[in-house]
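Asker: Got a structure for you, work_21.cif, holding mmCIF, C-alpha atoms, pLDDT in the B column; chains and numbers go by the auth columns.
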```cif
data_work
loop_
_atom_site.group_PDB
_atom_site.id
_atom_site.type_symbol
_atom_site.label_atom_id
_atom_site.label_comp_id
_atom_site.label_asym_id
_atom_site.label_seq_id
_atom_site.Cartn_x
_atom_site.Cartn_y
_atom_site.Cartn_z
_atom_site.B_iso_or_equiv
_atom_site.auth_seq_id
_atom_site.auth_asym_id
ATOM 1 C CA MET A 1 -17.906 -73.845 -7.703 49.00 9 C
ATOM 2 C CA ALA A 2 -18.731 -72.114 -4.393 48.00 10 C
ATOM 3 C CA ALA A 3 -15.058 -71.337 -3.826 50.00 11 C
ATOM 4 C CA ALA A 4 -14.764 -69.839 -7.300 50.00 12 C
ATOM 5 C CA ALA A 5 -17.872 -67.728 -6.759 49.00 13 C
ATOM 6 C CA GLY A 6 -16.463 -66.531 -3.449 52.00 14 C
ATOM 7 C CA GLY A 7 -13.210 -65.568 -5.188 53.00 15 C
ATOM 8 C CA GLU A 8 -15.057 -63.613 -7.850 55.00 16 C
ATOM 9 C CA LYS A 9 -17.032 -61.702 -5.182 53.00 17 C
ATOM 10 C CA SER A 10 -13.803 -60.936 -3.313 57.00 18 C
ATOM 11 C CA GLY A 11 -12.213 -59.697 -6.506 55.00 19 C
ATOM 12 C CA CYS A 12 -15.202 -57.471 -7.235 58.00 20 C
ATOM 13 C CA ARG A 13 -14.979 -55.971 -3.778 60.00 21 C
ATOM 14 C CA TRP A 14 -11.314 -55.085 -4.372 60.00 22 C
ATOM 15 C CA VAL A 15 -12.195 -53.486 -7.710 56.00 23 C
ATOM 16 C CA ASP A 16 -14.998 -51.503 -6.097 61.00 24 C
ATOM 17 C CA ALA A 17 -12.684 -50.397 -3.296 61.00 25 C
ATOM 18 C CA ALA A 18 -10.108 -49.281 -5.854 58.00 26 C
ATOM 19 C CA ARG A 19 -12.755 -47.325 -7.747 61.00 27 C
ATOM 20 C CA TYR A 20 -13.913 -45.617 -4.567 61.00 28 C
ATOM 21 C CA ALA A 21 -10.311 -44.722 -3.697 60.00 29 C
ATOM 22 C CA VAL A 22 -9.714 -43.233 -7.157 57.00 30 C
ATOM 23 C CA ALA A 23 -13.008 -41.313 -6.984 59.00 31 C
ATOM 24 C CA ALA A 24 -12.117 -39.955 -3.533 58.00 32 C
ATOM 25 C CA ALA A 25 -8.678 -38.887 -4.756 58.00 33 C
ATOM 26 C CA VAL A 26 -10.175 -37.088 -7.766 55.00 34 C
ATOM 27 C CA THR A 27 -12.742 -35.359 -5.530 58.00 35 C
ATOM 28 C CA LEU A 28 -9.980 -34.226 -3.153 54.00 36 C
ATOM 29 C CA LEU A 29 -7.913 -32.920 -6.064 54.00 37 C
ATOM 30 C CA ILE A 30 -10.884 -30.949 -7.395 55.00 38 C
ATOM 31 C CA ALA A 31 -11.492 -29.498 -3.916 47.00 39 C
ATOM 32 C CA VAL A 32 -7.833 -28.415 -3.638 46.00 40 C
ATOM 33 C CA VAL A 33 -7.976 -26.749 -7.057 45.00 41 C
ATOM 34 C CA ILE A 34 -11.183 -24.902 -6.097 45.00 42 C
ATOM 35 C CA VAL A 35 -9.668 -23.706 -2.803 41.00 43 C
ATOM 36 C CA LYS A 36 -6.576 -22.442 -4.611 44.00 44 C
ATOM 37 C CA ALA A 37 -8.745 -20.689 -7.185 42.00 45 C
ATOM 38 C CA ILE A 38 -10.710 -18.977 -4.397 43.00 46 C
ATOM 39 C CA LYS A 39 -7.457 -17.855 -2.754 43.00 47 C
ATOM 40 C CA VAL A 40 -6.300 -16.351 -6.046 42.00 48 C
ATOM 41 C CA VAL A 41 -9.530 -14.356 -6.293 46.00 49 C
ATOM 42 C CA LEU A 42 -9.522 -13.270 -2.654 49.00 50 C
ATOM 43 C CA ARG A 43 -5.793 -12.514 -2.551 54.00 51 C
ATOM 44 C CA PRO A 44 -4.856 -10.727 -5.766 63.00 52 C
ATOM 45 C CA GLU A 45 -1.553 -8.930 -6.214 80.00 53 C
ATOM 46 C CA PRO A 46 -1.246 -5.993 -3.809 88.00 54 C
ATOM 47 C CA LEU A 47 -1.835 -2.375 -4.716 94.00 55 C
ATOM 48 C CA GLN A 48 1.437 -0.791 -5.836 96.00 56 C
ATOM 49 C CA LEU A 49 2.431 2.710 -4.688 97.00 57 C
ATOM 50 C CA TRP A 50 5.421 4.927 -5.400 97.00 58 C
ATOM 51 C CA VAL A 51 6.482 8.550 -4.896 96.00 59 C
ATOM 52 C CA ALA A 52 7.215 10.360 -8.157 95.00 60 C
ATOM 53 C CA GLY A 53 10.764 11.651 -8.280 93.00 61 C
ATOM 54 C CA GLY A 54 11.448 10.190 -4.833 94.00 62 C
ATOM 55 C CA SER A 55 10.959 13.628 -3.349 94.00 63 C
ATOM 56 C CA VAL A 56 8.757 15.998 -1.354 95.00 64 C
ATOM 57 C CA SER A 57 8.927 19.632 -2.398 94.00 65 C
ATOM 58 C CA ALA A 58 9.118 22.342 0.262 94.00 66 C
ATOM 59 C CA VAL A 59 8.741 25.951 -0.823 93.00 67 C
ATOM 60 C CA ALA A 60 8.422 29.054 1.345 93.00 68 C
ATOM 61 C CA ILE A 61 5.193 30.955 0.712 90.00 69 C
ATOM 62 C CA ILE A 62 6.188 34.492 -0.356 83.00 70 C
ATOM 63 C CA PRO A 63 4.884 37.045 0.398 79.00 71 C
ATOM 64 C CA PRO A 64 4.174 35.407 3.720 75.00 72 C
ATOM 65 C CA PRO A 65 0.669 35.295 5.194 73.00 73 C
ATOM 66 C CA PRO A 66 0.235 36.452 8.789 84.00 74 C
ATOM 67 C CA THR A 67 2.292 33.408 9.764 88.00 75 C
ATOM 68 C CA GLU A 68 5.316 32.141 7.824 91.00 76 C
ATOM 69 C CA MET A 69 4.520 28.870 6.060 94.00 77 C
ATOM 70 C CA VAL A 70 6.180 26.212 3.942 95.00 78 C
ATOM 71 C CA LYS A 71 4.194 24.502 1.211 94.00 79 C
ATOM 72 C CA LEU A 72 4.922 20.759 1.163 96.00 80 C
ATOM 73 C CA GLY A 73 3.949 18.746 -1.893 95.00 81 C
ATOM 74 C CA LEU A 74 4.407 15.274 -3.323 95.00 82 C
ATOM 75 C CA SER A 75 2.945 13.082 -6.011 95.00 83 C
ATOM 76 C CA ILE A 76 1.924 9.505 -5.166 96.00 84 C
ATOM 77 C CA TRP A 77 1.204 7.091 -7.989 96.00 85 C
ATOM 78 C CA ALA A 78 -0.919 3.975 -7.517 97.00 86 C
ATOM 79 C CA GLN A 79 -1.133 0.969 -9.836 96.00 87 C
ATOM 80 C CA ASN A 80 -3.695 -1.840 -9.619 95.00 88 C
ATOM 81 C CA PRO A 81 -2.028 -4.947 -11.130 94.00 89 C
ATOM 82 C CA SER A 82 -5.198 -7.052 -10.962 90.00 90 C
ATOM 83 C CA ASP A 83 -7.475 -7.575 -13.954 88.00 91 C
ATOM 84 C CA ARG A 84 -10.298 -8.872 -11.738 86.00 92 C
ATOM 85 C CA VAL A 85 -10.885 -6.499 -8.821 88.00 93 C
ATOM 86 C CA ARG A 86 -10.901 -2.837 -7.882 90.00 94 C
ATOM 87 C CA MET A 87 -8.726 -1.696 -4.991 93.00 95 C
ATOM 88 C CA TYR A 88 -9.397 1.117 -2.546 94.00 96 C
ATOM 89 C CA PHE A 89 -6.917 2.695 -0.113 96.00 97 C
ATOM 90 C CA LEU A 90 -9.022 4.828 2.214 95.00 98 C
ATOM 91 C CA ASN A 91 -8.766 6.940 5.382 96.00 99 C
ATOM 92 C CA ILE A 92 -5.070 7.514 4.752 97.00 100 C
ATOM 93 C CA THR A 93 -2.773 9.402 7.079 97.00 101 C
ATOM 94 C CA ALA A 94 0.675 10.388 5.797 97.00 102 C
ATOM 95 C CA TYR A 95 3.651 10.694 8.165 98.00 103 C
ATOM 96 C CA LEU A 96 7.153 11.959 7.405 98.00 104 C
ATOM 97 C CA PHE A 97 10.012 10.567 9.490 98.00 105 C
ATOM 98 C CA ASP A 98 13.549 11.921 9.570 97.00 106 C
ATOM 99 C CA LYS A 99 16.488 9.583 9.086 95.00 107 C
ATOM 100 C CA ASN A 100 17.052 9.245 12.840 96.00 108 C
ATOM 101 C CA THR A 101 13.581 7.834 13.571 96.00 109 C
ATOM 102 C CA SER A 102 12.345 4.421 12.446 96.00 110 C
ATOM 103 C CA ALA A 103 8.972 4.656 10.708 97.00 111 C
ATOM 104 C CA ALA A 104 8.479 0.891 10.881 96.00 112 C
ATOM 105 C CA ALA A 105 9.219 0.637 14.604 95.00 113 C
ATOM 106 C CA SER A 106 6.967 3.527 15.608 96.00 114 C
ATOM 107 C CA THR A 107 3.834 2.584 17.532 96.00 115 C
ATOM 108 C CA ASP A 108 2.775 6.235 17.851 97.00 116 C
ATOM 109 C CA PRO A 109 3.562 7.837 14.474 97.00 117 C
ATOM 110 C CA THR A 110 1.608 10.987 15.340 96.00 118 C
ATOM 111 C CA TYR A 111 4.159 11.689 18.078 96.00 119 C
ATOM 112 C CA ASP A 112 7.277 10.188 16.472 97.00 120 C
ATOM 113 C CA SER A 113 6.984 11.705 12.992 97.00 121 C
ATOM 114 C CA MET A 114 8.241 15.166 12.157 96.00 122 C
ATOM 115 C CA ILE A 115 4.901 16.030 10.522 96.00 123 C
ATOM 116 C CA TYR A 116 1.666 14.250 9.580 96.00 124 C
ATOM 117 C CA PHE A 117 -1.387 15.122 7.505 94.00 125 C
ATOM 118 C CA PRO A 118 -4.415 13.428 5.880 95.00 126 C
ATOM 119 C CA ALA A 119 -4.072 12.092 2.333 95.00 127 C
ATOM 120 C CA LYS A 120 -6.644 11.687 -0.421 94.00 128 C
ATOM 121 C CA ASP A 121 -8.445 8.368 -0.853 96.00 129 C
ATOM 122 C CA ILE A 122 -7.136 6.198 -3.686 96.00 130 C
ATOM 123 C CA VAL A 123 -9.506 4.234 -5.924 94.00 131 C
ATOM 124 C CA ALA A 124 -7.673 2.090 -8.488 94.00 132 C
ATOM 125 C CA VAL A 125 -9.630 0.249 -11.152 92.00 133 C
ATOM 126 C CA GLN A 126 -8.360 -2.924 -12.811 91.00 134 C
ATOM 127 C CA LEU A 127 -4.988 -2.657 -14.581 91.00 135 C
ATOM 128 C CA GLU A 128 -4.887 1.128 -14.316 92.00 136 C
ATOM 129 C CA GLY A 129 -2.782 3.679 -12.519 93.00 137 C
ATOM 130 C CA LEU A 130 -3.596 7.093 -11.091 95.00 138 C
ATOM 131 C CA GLU A 131 -1.841 10.048 -9.519 95.00 139 C
ATOM 132 C CA SER A 132 -2.692 11.500 -6.124 94.00 140 C
ATOM 133 C CA VAL A 133 -1.177 14.911 -5.364 94.00 141 C
ATOM 134 C CA LEU A 134 -0.719 15.731 -1.680 94.00 142 C
ATOM 135 C CA GLN A 135 -0.110 19.270 -0.451 93.00 143 C
ATOM 136 C CA MET A 136 0.044 20.912 2.934 93.00 144 C
ATOM 137 C CA ASN A 137 0.846 24.429 4.123 93.00 145 C
ATOM 138 C CA ALA A 138 2.964 23.836 7.221 94.00 146 C
ATOM 139 C CA LYS A 139 3.459 26.374 9.970 92.00 147 C
ATOM 140 C CA LYS A 140 6.428 26.382 12.312 92.00 148 C
ATOM 141 C CA SER A 141 4.290 24.726 14.953 92.00 149 C
ATOM 142 C CA ASN A 142 3.588 21.849 12.538 93.00 150 C
ATOM 143 C CA ILE A 143 7.246 21.067 11.906 94.00 151 C
ATOM 144 C CA PRO A 144 9.262 22.947 14.576 93.00 152 C
ATOM 145 C CA ASP A 145 12.575 21.074 14.264 94.00 153 C
ATOM 146 C CA TYR A 146 12.989 21.557 10.514 96.00 154 C
ATOM 147 C CA PHE A 147 10.900 24.597 9.614 95.00 155 C
ATOM 148 C CA GLU A 148 13.769 27.088 9.392 95.00 156 C
ATOM 149 C CA LEU A 149 15.839 24.711 7.276 96.00 157 C
ATOM 150 C CA LEU A 150 13.055 24.136 4.738 96.00 158 C
ATOM 151 C CA TYR A 151 11.776 27.720 4.778 94.00 159 C
ATOM 152 C CA ASN A 152 15.238 29.003 3.877 94.00 160 C
ATOM 153 C CA GLY A 153 15.623 26.617 0.937 93.00 161 C
ATOM 154 C CA GLY A 154 17.443 23.760 2.645 94.00 162 C
ATOM 155 C CA SER A 155 16.738 20.066 2.144 94.00 163 C
ATOM 156 C CA MET A 156 16.744 16.763 4.022 95.00 164 C
ATOM 157 C CA SER A 157 17.730 13.325 2.747 94.00 165 C
ATOM 158 C CA ASP A 158 16.800 9.765 3.763 95.00 166 C
ATOM 159 C CA VAL A 159 13.310 10.768 4.859 97.00 167 C
ATOM 160 C CA THR A 160 10.629 8.041 5.064 97.00 168 C
ATOM 161 C CA LEU A 161 6.991 8.552 4.139 98.00 169 C
ATOM 162 C CA ARG A 162 4.619 6.248 6.013 98.00 170 C
ATOM 163 C CA LEU A 163 1.058 5.796 4.768 98.00 171 C
ATOM 164 C CA ASP A 164 -1.491 4.172 7.102 97.00 172 C
ATOM 165 C CA GLY A 165 -4.956 3.341 5.808 96.00 173 C
ATOM 166 C CA ASN A 166 -7.649 0.782 5.053 95.00 174 C
ATOM 167 C CA LEU A 167 -6.975 -1.345 1.976 94.00 175 C
ATOM 168 C CA ILE A 168 -10.161 -2.736 0.434 91.00 176 C
ATOM 169 C CA THR A 169 -10.227 -5.379 -2.287 88.00 177 C
ATOM 170 C CA GLU A 170 -13.508 -5.566 -4.170 82.00 178 C
ATOM 171 C CA VAL A 171 -13.969 -9.319 -4.677 70.00 179 C
ATOM 172 C CA THR A 172 -17.530 -8.957 -6.014 65.00 180 C
ATOM 173 C CA SER A 173 -20.103 -6.197 -6.026 58.00 181 C
ATOM 174 C CA GLU A 174 -21.437 -7.576 -2.743 60.00 182 C
ATOM 175 C CA VAL A 175 -18.350 -8.876 -0.920 61.00 183 C
ATOM 176 C CA ASN A 176 -15.331 -6.714 -0.096 75.00 184 C
ATOM 177 C CA LYS A 177 -12.249 -7.645 1.905 80.00 185 C
ATOM 178 C CA THR A 178 -10.922 -4.890 4.187 87.00 186 C
ATOM 179 C CA ARG A 179 -7.634 -4.910 6.056 90.00 187 C
ATOM 180 C CA ARG A 180 -5.357 -2.373 7.691 93.00 188 C
ATOM 181 C CA ALA A 181 -2.268 -1.678 5.616 95.00 189 C
ATOM 182 C CA THR A 182 0.859 0.449 5.906 97.00 190 C
ATOM 183 C CA TYR A 183 3.199 1.526 3.123 97.00 191 C
ATOM 184 C CA TYR A 184 6.771 2.761 3.640 98.00 192 C
ATOM 185 C CA CYS A 185 8.382 4.978 0.995 97.00 193 C
ATOM 186 C CA GLU A 186 12.040 5.329 1.931 96.00 194 C
ATOM 187 C CA GLN A 187 15.050 7.490 1.066 95.00 195 C
ATOM 188 C CA LEU A 188 13.042 10.520 0.030 96.00 196 C
ATOM 189 C CA LEU A 189 14.486 13.972 -0.481 95.00 197 C
ATOM 190 C CA VAL A 190 12.504 16.718 1.258 95.00 198 C
ATOM 191 C CA GLY A 191 13.098 20.293 0.155 93.00 199 C
ATOM 192 C CA GLY A 192 13.398 22.360 -2.984 83.00 200 C
ATOM 193 C CA ASP A 193 10.954 23.182 -5.751 77.00 201 C
ATOM 194 C CA ALA A 194 9.117 20.328 -7.481 66.00 202 C
ATOM 195 C CA ASN A 195 9.905 22.015 -10.836 66.00 203 C
ATOM 196 C CA ASP A 196 13.644 21.912 -10.196 64.00 204 C
ATOM 197 C CA LYS A 197 15.363 19.617 -12.723 52.00 205 C
ATOM 198 C CA THR A 198 17.494 17.973 -10.039 55.00 206 C
ATOM 199 C CA VAL A 199 14.288 16.962 -8.259 54.00 207 C
ATOM 200 C CA LYS A 200 12.254 16.023 -11.339 51.00 208 C
ATOM 201 C CA ASN A 201 15.010 13.779 -12.697 50.00 209 C
ATOM 202 C CA LYS A 202 15.249 11.640 -9.576 66.00 210 C
ATOM 203 C CA GLN A 203 13.976 8.065 -9.799 83.00 211 C
ATOM 204 C CA LYS A 204 10.651 7.158 -8.255 90.00 212 C
ATOM 205 C CA ALA A 205 10.650 5.715 -4.733 94.00 213 C
ATOM 206 C CA ILE A 206 8.854 2.367 -4.544 94.00 214 C
ATOM 207 C CA CYS A 207 6.713 1.955 -1.420 96.00 215 C
ATOM 208 C CA LYS A 208 6.856 -1.302 0.496 95.00 216 C
ATOM 209 C CA GLN A 209 3.668 -2.668 2.007 92.00 217 C
ATOM 210 C CA ARG A 210 3.010 -4.190 5.397 84.00 218 C
ATOM 211 C CA GLN A 211 -0.483 -5.525 6.052 65.00 219 C
ATOM 212 C CA GLY A 212 -2.191 -5.584 9.400 59.00 220 C
ATOM 213 C CA THR A 213 -4.716 -8.045 10.743 46.00 221 C
#
```
Starting from the coordinates I provided, produce the structure as structure tokens.
Answerer:
Amino acid sequence: MAAAAGGEKSGCRWVDAARYAVAAAVTLLIAVVIVKAIKVVLRPEPLQLWVAGGSVSAVAIIPPPPTEMVKLGLSIWAQNPSDRVRMYFLNITAYLFDKNTSAAASTDPTYDSMIYFPAKDIVAVQLEGLESVLQMNAKKSNIPDYFELLYNGGSMSDVTLRLDGNLITEVTSEVNKTRRATYYCEQLLVGGDANDKTVKNKQKAICKQRQGT
């Protein structure tokens, strides 16, 4: 009788242990699912950028002001693919690099680029796109190596636009995630009038993103 009772108690302990193991496994699985869900919220799809027509217009200002100038212009489109959060790309600086200089390898883009200028902040709401038009009147001192070429109607190919700024993801109304981000828009054509059909009919240039720490 005692031996049988002891066996029953031992069996109960094994059943209890099995139940605890199953409960622990279920708890761990729930925790993993919650962590993954949090990561999805905190790390939505990145903000998408592209240059319309894959080009930057460059038109001589005529009649010239006291100093000869070239008007540079481009249209950047932004698309927020997330249906949960707003995205902000702020404090942006735009750099143009010629085909002989690597935009990605540059640690001093202000010095290495052929010209740079501030860009408008981008605020993209959920599942919507918007256009940001950038323009700059460049003097010869702003772009000394290529001013004459562009002023006289010439063009440049394989130019890279680099955009440095702060990318903010609005997780909730109280918690935002900010990180440094850089976009590279490659193989742009610089030169010519934005209304020219050969420019307008070019495909858009998709910008690739690299995030900082």
Asker: Within 7 Å of Gly137 (chain C), counting only C-alpha atoms, which residues qualify if same-chain residues fewer than 5 places away don't, as a compact mmCIF listing (two decimals) with C-alpha atoms, keeping the file's coordinate frame?
Answerer:
```txt
# COMPACT_ATOMS: atom_id res chain seq x y z
CA TRP C 85 1.20 7.09 -7.99
CA ALA C 86 -0.92 3.98 -7.52
CA GLN C 87 -1.13 0.97 -9.84
CA ASN C 88 -3.70 -1.84 -9.62
CA ALA C 132 -7.67 2.09 -8.49
```
Asker: With only C-alpha atoms as the basis for distance, which of C:Gln134, C:Thr177, C:Gln143, C:Thr186 is at the shortest distance from Lys79 (chain C)?
Answerer: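 Of all the options, C:Gln143 lies closest to Lys79 (chain C).
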Asker: So which residues get picked by the PyMOL selection byres ((chain C and resi 149) around 12) here, written as a PDB file with C-alpha atoms, keeping the file's coordinate frame?
Answerer:
```
ATOM      1  CA  THR C  75       2.292  33.408   9.764  1.00 88.00           C
ATOM      2  CA  GLU C  76       5.316  32.141   7.824  1.00 91.00           C
ATOM      3  CA  MET C  77       4.520  28.870   6.060  1.00 94.00           C
ATOM      4  CA  VAL C  78       6.180  26.212   3.942  1.00 95.00           C
ATOM      5  CA  MET C 122       8.241  15.166  12.157  1.00 96.00           C
ATOM      6  CA  ILE C 123       4.901  16.030  10.522  1.00 96.00           C
ATOM      7  CA  ASN C 145       0.846  24.429   4.123  1.00 93.00           C
ATOM      8  CA  ALA C 146       2.964  23.836   7.221  1.00 94.00           C
ATOM      9  CA  LYS C 147       3.459  26.374   9.970  1.00 92.00           C
ATOM     10  CA  LYS C 148       6.428  26.382  12.312  1.00 92.00           C
ATOM     11  CA  ASN C 150       3.588  21.849  12.538  1.00 93.00           C
ATOM     12  CA  ILE C 151       7.246  21.067  11.906  1.00 94.00           C
ATOM     13  CA  PRO C 152       9.262  22.947  14.576  1.00 93.00           C
ATOM     14  CA  ASP C 153      12.575  21.074  14.264  1.00 94.00           C
ATOM     15  CA  TYR C 154      12.989  21.557  10.514  1.00 96.00           C
ATOM     16  CA  PHE C 155      10.900  24.597   9.614  1.00 95.00           C
ATOM     17  CA  GLU C 156      13.769  27.088   9.392  1.00 95.00           C
TER      18      GLU C 156
END
```
Asker: Counting only C-alpha atoms, which of C:Asp129, C:Asp172, C:Glu139, C:Glu53 gets nearest to Leu82 (chain C)?
Answerer: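 Selected residue with least distance to Leu82 (chain C): C:Glu139.
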Asker: So which residues get picked by the PyMOL selection byres ((chain C and resi 125) around 10) here, written as a ChimeraX atom specification?
Answerer: /C:100-104,118,123-124,126-127,142-144,146,150
Asker: Could you take the residues named above and write them with C-alpha atoms, as a tab-separated table (two decimals), in the coordinates of the input?
Answerer:
```tsv
chain	number	residue	atom	x	y	z
C	100	ILE	CA	-5.07	7.51	4.75
C	101	THR	CA	-2.77	9.40	7.08
C	102	ALA	CA	0.68	10.39	5.80
C	103	TYR	CA	3.65	10.69	8.16
C	104	LEU	CA	7.15	11.96	7.40
C	118	THR	CA	1.61	10.99	15.34
C	123	ILE	CA	4.90	16.03	10.52
C	124	TYR	CA	1.67	14.25	9.58
C	126	PRO	CA	-4.42	13.43	5.88
C	127	ALA	CA	-4.07	12.09	2.33
C	142	LEU	CA	-0.72	15.73	-1.68
C	143	GLN	CA	-0.11	19.27	-0.45
C	144	MET	CA	0.04	20.91	2.93
C	146	ALA	CA	2.96	23.84	7.22
C	150	ASN	CA	3.59	21.85	12.54
```
Asker: To test your reading of the syntax: which residues would the PyMOL selection byres ((chain C and resi 167) around 12) return for the file shown? Reply as a PDB file with C-alpha atoms, in the frame of the given file.
Answerer:
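In the end it all went to part_8.pdb:
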```pdb
ATOM      1  CA  GLY C  62      11.448  10.190  -4.833  1.00 94.00           C
ATOM      2  CA  SER C  63      10.959  13.628  -3.349  1.00 94.00           C
ATOM      3  CA  VAL C  64       8.757  15.998  -1.354  1.00 95.00           C
ATOM      4  CA  TYR C 103       3.651  10.694   8.165  1.00 98.00           C
ATOM      5  CA  LEU C 104       7.153  11.959   7.405  1.00 98.00           C
ATOM      6  CA  PHE C 105      10.012  10.567   9.490  1.00 98.00           C
ATOM      7  CA  ASP C 106      13.549  11.921   9.570  1.00 97.00           C
ATOM      8  CA  LYS C 107      16.488   9.583   9.086  1.00 95.00           C
ATOM      9  CA  ASN C 108      17.052   9.245  12.840  1.00 96.00           C
ATOM     10  CA  THR C 109      13.581   7.834  13.571  1.00 96.00           C
ATOM     11  CA  SER C 110      12.345   4.421  12.446  1.00 96.00           C
ATOM     12  CA  ALA C 111       8.972   4.656  10.708  1.00 97.00           C
ATOM     13  CA  SER C 121       6.984  11.705  12.992  1.00 97.00           C
ATOM     14  CA  MET C 122       8.241  15.166  12.157  1.00 96.00           C
ATOM     15  CA  ILE C 123       4.901  16.030  10.522  1.00 96.00           C
ATOM     16  CA  SER C 163      16.738  20.066   2.144  1.00 94.00           C
ATOM     17  CA  MET C 164      16.744  16.763   4.022  1.00 95.00           C
ATOM     18  CA  SER C 165      17.730  13.325   2.747  1.00 94.00           C
ATOM     19  CA  ASP C 166      16.800   9.765   3.763  1.00 95.00           C
ATOM     20  CA  THR C 168      10.629   8.041   5.064  1.00 97.00           C
ATOM     21  CA  LEU C 169       6.991   8.552   4.139  1.00 98.00           C
ATOM     22  CA  ARG C 170       4.619   6.248   6.013  1.00 98.00           C
ATOM     23  CA  TYR C 192       6.771   2.761   3.640  1.00 98.00           C
ATOM     24  CA  CYS C 193       8.382   4.978   0.995  1.00 97.00           C
ATOM     25  CA  GLU C 194      12.040   5.329   1.931  1.00 96.00           C
ATOM     26  CA  GLN C 195      15.050   7.490   1.066  1.00 95.00           C
ATOM     27  CA  LEU C 196      13.042  10.520   0.030  1.00 96.00           C
ATOM     28  CA  LEU C 197      14.486  13.972  -0.481  1.00 95.00           C
ATOM     29  CA  VAL C 198      12.504  16.718   1.258  1.00 95.00           C
ATOM     30  CA  GLY C 199      13.098  20.293   0.155  1.00 93.00           C
ATOM     31  CA  ALA C 213      10.650   5.715  -4.733  1.00 94.00           C
TER      32      ALA C 213
END
```
Asker: Just checking: using all atoms listed in the file, which residue out of C:Asn99, C:Thr115, C:Ser83, C:Gln56 ends up closest to Gly173 (chain C)?
Answerer: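 Comparing C:Asn99, C:Thr115, C:Ser83, C:Gln56 against Gly173 (chain C), the winner is C:Asn99.
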Asker: For the atom pair CA of Cys215 (chain C) and CA of Thr190 (chain C), what is the interatomic distance in Å to one decimal place?
Answerer: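 The value is 9.5 Å.
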Asker: Point out the residue among C:Pro72, C:Pro89, C:Pro117, C:Pro54 with the least atom-to-atom distance to Arg218 (chain C), counting all atoms listed in the file.
Answerer: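 Among the listed residues, C:Pro54 lies closest to Arg218 (chain C).
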Asker: Could you work out how far CA of Leu135 (chain C) lies from CA of Asp91 (chain C), giving the answer in Å with one decimal?
Answerer: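 Interatomic distance here is 5.5 Å.
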Asker: Between C:Ile176, C:Leu138, C:Leu157, C:Val133, which one has atoms that come closest to Gly200 (chain C), using all atoms listed in the file?
Answerer: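 For Gly200 (chain C), the nearest of the given residues is C:Leu157.
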Asker: Which of these residues is nearest to Leu98 (chain C), using all atoms listed in the file: C:Ser65, C:Trp58, C:Gln211, C:Ile130?
Answerer: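 For Leu98 (chain C), the nearest of the candidates is C:Ile130.
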Asker: Between CA of Tyr119 (chain C) and CA of Lys212 (chain C), what is the distance, to one decimal in Å?
Answerer: 27.5 Å
